[in-house]
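Read the structure below first, then the notes.
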Amino acid sequence: MGHPKNLPESVAAAVMKKKIIKDHFRKFDQNGDGKLSLRELAMAFDRLGSTAPALRAIFAILKVDENHDGYISGHELDKLVEYVVERGYPVNDSLLN
Ligand SMILES: [Ca+2]
Ligand SMILES: [Ca+2]
């Protein structure tokens with residue numbers, strides 16, 4: 001069996017990680033329209049350390065753009081966060097700067 005004592009801590013860490021990622025992407029909404037364009041996404045992925053940010057942005061939009069408007073907005077952003085977590089990008093406090 002695992003270590004139940006550690007569970008709350010890891011859950012908290014996962015929540016914090018998602019919050020950092022979400023804040024990170026929100027920061028890259030540079031024209032402030034509440035949506036992430038392909039270009040804004042690419043810049044955000046670049047900052048995350050992606051080796052092919054433009055390509056990654058396209059994949060991300062294909063994966064999470066539910067209303068097919070070509071932008072990430074609303075709860076699509078939460079799906080984007082899940083996608084980024086799955087990809088396993090290194091997420092740490094340096095993204096907050
Ligand atoms: Ca925008
Ligand atoms: Ca959309």
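Ligands are numbered from 1 in the order shown, chains are lettered A, B, ... in the order of the structure tokens, and residues start at 1 in each chain.
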
Env. residues ligand 1 / 6 Å / only C-alpha atoms and all ligand atoms / as a VMD selection string: chain A and resid 29 to 37

Generate a file of the selected residues that holds C-alpha atoms, formatted as a CSV table (one decimal), in the first residue's frame.
```csv
chain,number,residue,atom,x,y,z
A,29,ASP,CA,-3.1,36.7,-23.1
A,30,GLN,CA,-1.2,39.7,-24.3
A,31,ASN,CA,-4.0,41.5,-26.0
A,32,GLY,CA,-6.3,40.9,-22.9
A,33,ASP,CA,-9.2,39.5,-24.9
A,34,GLY,CA,-9.6,36.6,-22.4
A,35,LYS,CA,-8.6,34.1,-25.1
A,36,LEU,CA,-5.3,32.5,-26.0
A,37,SER,CA,-4.5,32.7,-29.7
```

Where does chain A meet ligand 2 within 6 Å, residue by residue, with the nearest atom pair and distance in Å to one decimal for each, counting only C-alpha atoms and all ligand atoms, listed by chain and rising number, as CSV?
```
residue,atom,partner,partner_atom_place_in_ligand_line,distance
A:Asp65,CA,ligand 2,1 (Ca),4.3
A:Glu66,CA,ligand 2,1 (Ca),5.6
A:Asn67,CA,ligand 2,1 (Ca),4.8
A:His68,CA,ligand 2,1 (Ca),5.2
A:Asp69,CA,ligand 2,1 (Ca),4.8
A:Gly70,CA,ligand 2,1 (Ca),5.6
A:Tyr71,CA,ligand 2,1 (Ca),4.3
A:Ile72,CA,ligand 2,1 (Ca),4.5
A:Ser73,CA,ligand 2,1 (Ca),5.5
```

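Shortest atom-to-atom contact with Ser94 in chain A among A:Ala42, A:Ala13, A:Leu48, A:Leu55: A:Leu48, counting only C-alpha atoms.
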
Interatomic distance (Å, one decimal) between CA of Arg26 in chain A and CA of Glu9 in chain A: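 Calculated distance between CA of Arg26 in chain A and CA of Glu9 in chain A is 25.6 Å.
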
Distance query Gly49 in chain A at most 12 Å, only C-alpha atoms, self and fewer than 2 positions along chain excluded, as an MDAnalysis selection string: chainID A and resid 42:47 51:54 56 84 87:92 94:95

Print the selection's residues with N, CA and C atoms to a file, as a PDB file, in the first residue's frame.
```pdb
ATOM      1  N   ALA A  42       1.881  29.757 -28.345  1.00  0.00           N
ATOM      2  CA  ALA A  42       3.242  29.394 -28.735  1.00  0.00           C
ATOM      3  C   ALA A  42       4.258  30.073 -27.832  1.00  0.00           C
ATOM      4  N   MET A  43       4.012  31.332 -27.500  1.00  0.00           N
ATOM      5  CA  MET A  43       4.923  32.051 -26.612  1.00  0.00           C
ATOM      6  C   MET A  43       4.913  31.427 -25.219  1.00  0.00           C
ATOM      7  N   ALA A  44       3.728  31.027 -24.768  1.00  0.00           N
ATOM      8  CA  ALA A  44       3.611  30.412 -23.443  1.00  0.00           C
ATOM      9  C   ALA A  44       4.355  29.076 -23.409  1.00  0.00           C
ATOM     10  N   PHE A  45       4.221  28.284 -24.475  1.00  0.00           N
ATOM     11  CA  PHE A  45       4.922  26.999 -24.529  1.00  0.00           C
ATOM     12  C   PHE A  45       6.430  27.198 -24.639  1.00  0.00           C
ATOM     13  N   ASP A  46       6.813  28.243 -25.342  1.00  0.00           N
ATOM     14  CA  ASP A  46       8.234  28.553 -25.452  1.00  0.00           C
ATOM     15  C   ASP A  46       8.815  28.818 -24.060  1.00  0.00           C
ATOM     16  N   ARG A  47       8.074  29.605 -23.293  1.00  0.00           N
ATOM     17  CA  ARG A  47       8.520  29.953 -21.933  1.00  0.00           C
ATOM     18  C   ARG A  47       8.553  28.712 -21.027  1.00  0.00           C
ATOM     19  N   THR A  51      10.466  22.497 -26.991  1.00  0.00           N
ATOM     20  CA  THR A  51      11.467  22.585 -28.058  1.00  0.00           C
ATOM     21  C   THR A  51      10.828  22.975 -29.387  1.00  0.00           C
ATOM     22  N   ALA A  52       9.520  22.779 -29.514  1.00  0.00           N
ATOM     23  CA  ALA A  52       8.817  23.157 -30.742  1.00  0.00           C
ATOM     24  C   ALA A  52       7.506  23.838 -30.368  1.00  0.00           C
ATOM     25  N   PRO A  53       7.619  25.045 -29.798  1.00  0.00           N
ATOM     26  CA  PRO A  53       6.438  25.702 -29.227  1.00  0.00           C
ATOM     27  C   PRO A  53       5.311  25.953 -30.222  1.00  0.00           C
ATOM     28  N   ALA A  54       5.636  26.310 -31.459  1.00  0.00           N
ATOM     29  CA  ALA A  54       4.580  26.585 -32.438  1.00  0.00           C
ATOM     30  C   ALA A  54       3.782  25.315 -32.739  1.00  0.00           C
ATOM     31  N   ARG A  56       3.643  22.668 -30.760  1.00  0.00           N
ATOM     32  CA  ARG A  56       2.963  22.277 -29.524  1.00  0.00           C
ATOM     33  C   ARG A  56       1.675  23.074 -29.359  1.00  0.00           C
ATOM     34  N   VAL A  84      -1.068  20.117 -20.410  1.00  0.00           N
ATOM     35  CA  VAL A  84       0.306  20.497 -20.060  1.00  0.00           C
ATOM     36  C   VAL A  84       0.834  19.584 -18.943  1.00  0.00           C
ATOM     37  N   ARG A  87       1.825  16.334 -20.403  1.00  0.00           N
ATOM     38  CA  ARG A  87       3.074  16.412 -21.162  1.00  0.00           C
ATOM     39  C   ARG A  87       4.291  16.414 -20.249  1.00  0.00           C
ATOM     40  N   GLY A  88       4.073  16.714 -18.968  1.00  0.00           N
ATOM     41  CA  GLY A  88       5.155  16.638 -18.004  1.00  0.00           C
ATOM     42  C   GLY A  88       6.197  17.740 -18.102  1.00  0.00           C
ATOM     43  N   TYR A  89       5.765  18.937 -18.483  1.00  0.00           N
ATOM     44  CA  TYR A  89       6.709  20.048 -18.489  1.00  0.00           C
ATOM     45  C   TYR A  89       7.170  20.349 -17.070  1.00  0.00           C
ATOM     46  N   PRO A  90       8.422  20.725 -16.921  1.00  0.00           N
ATOM     47  CA  PRO A  90       8.880  21.103 -15.587  1.00  0.00           C
ATOM     48  C   PRO A  90       8.179  22.383 -15.150  1.00  0.00           C
ATOM     49  N   VAL A  91       7.451  22.286 -14.054  1.00  0.00           N
ATOM     50  CA  VAL A  91       6.709  23.441 -13.559  1.00  0.00           C
ATOM     51  C   VAL A  91       7.242  23.825 -12.195  1.00  0.00           C
ATOM     52  N   ASN A  92       7.682  25.030 -12.071  1.00  0.00           N
ATOM     53  CA  ASN A  92       8.139  25.474 -10.757  1.00  0.00           C
ATOM     54  C   ASN A  92       7.907  26.975 -10.606  1.00  0.00           C
ATOM     55  N   SER A  94       9.657  29.429 -10.888  1.00  0.00           N
ATOM     56  CA  SER A  94      10.299  30.356 -11.803  1.00  0.00           C
ATOM     57  C   SER A  94       9.319  30.867 -12.860  1.00  0.00           C
ATOM     58  N   LEU A  95       8.252  30.097 -13.098  1.00  0.00           N
ATOM     59  CA  LEU A  95       7.244  30.533 -14.070  1.00  0.00           C
ATOM     60  C   LEU A  95       6.477  31.739 -13.573  1.00  0.00           C
TER      61      LEU A  95
END
```

All alpha helix (DSSP H) residues (DSSP, backbone) inside chain A, as a ChimeraX atom specification: /A:7-27,38-48,53-64,76-87

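Checking A:Leu62, A:Leu41, A:Leu7, A:Ala57 one by one against His24 in chain A, counting only C-alpha atoms, you find the shortest gap at A:Leu41.
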
Two-atom distance - CA of Ala14 in chain A, CA of Val85 in chain A (Å):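 Computed distance, CA of Ala14 in chain A to CA of Val85 in chain A, equals 9.2 Å.
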
Interatomic distance, CA of Ile61 in chain A to CA of Lys27 in chain A (Å, one decimal):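 Interatomic distance, CA of Ile61 in chain A to CA of Lys27 in chain A: 17.4 Å.
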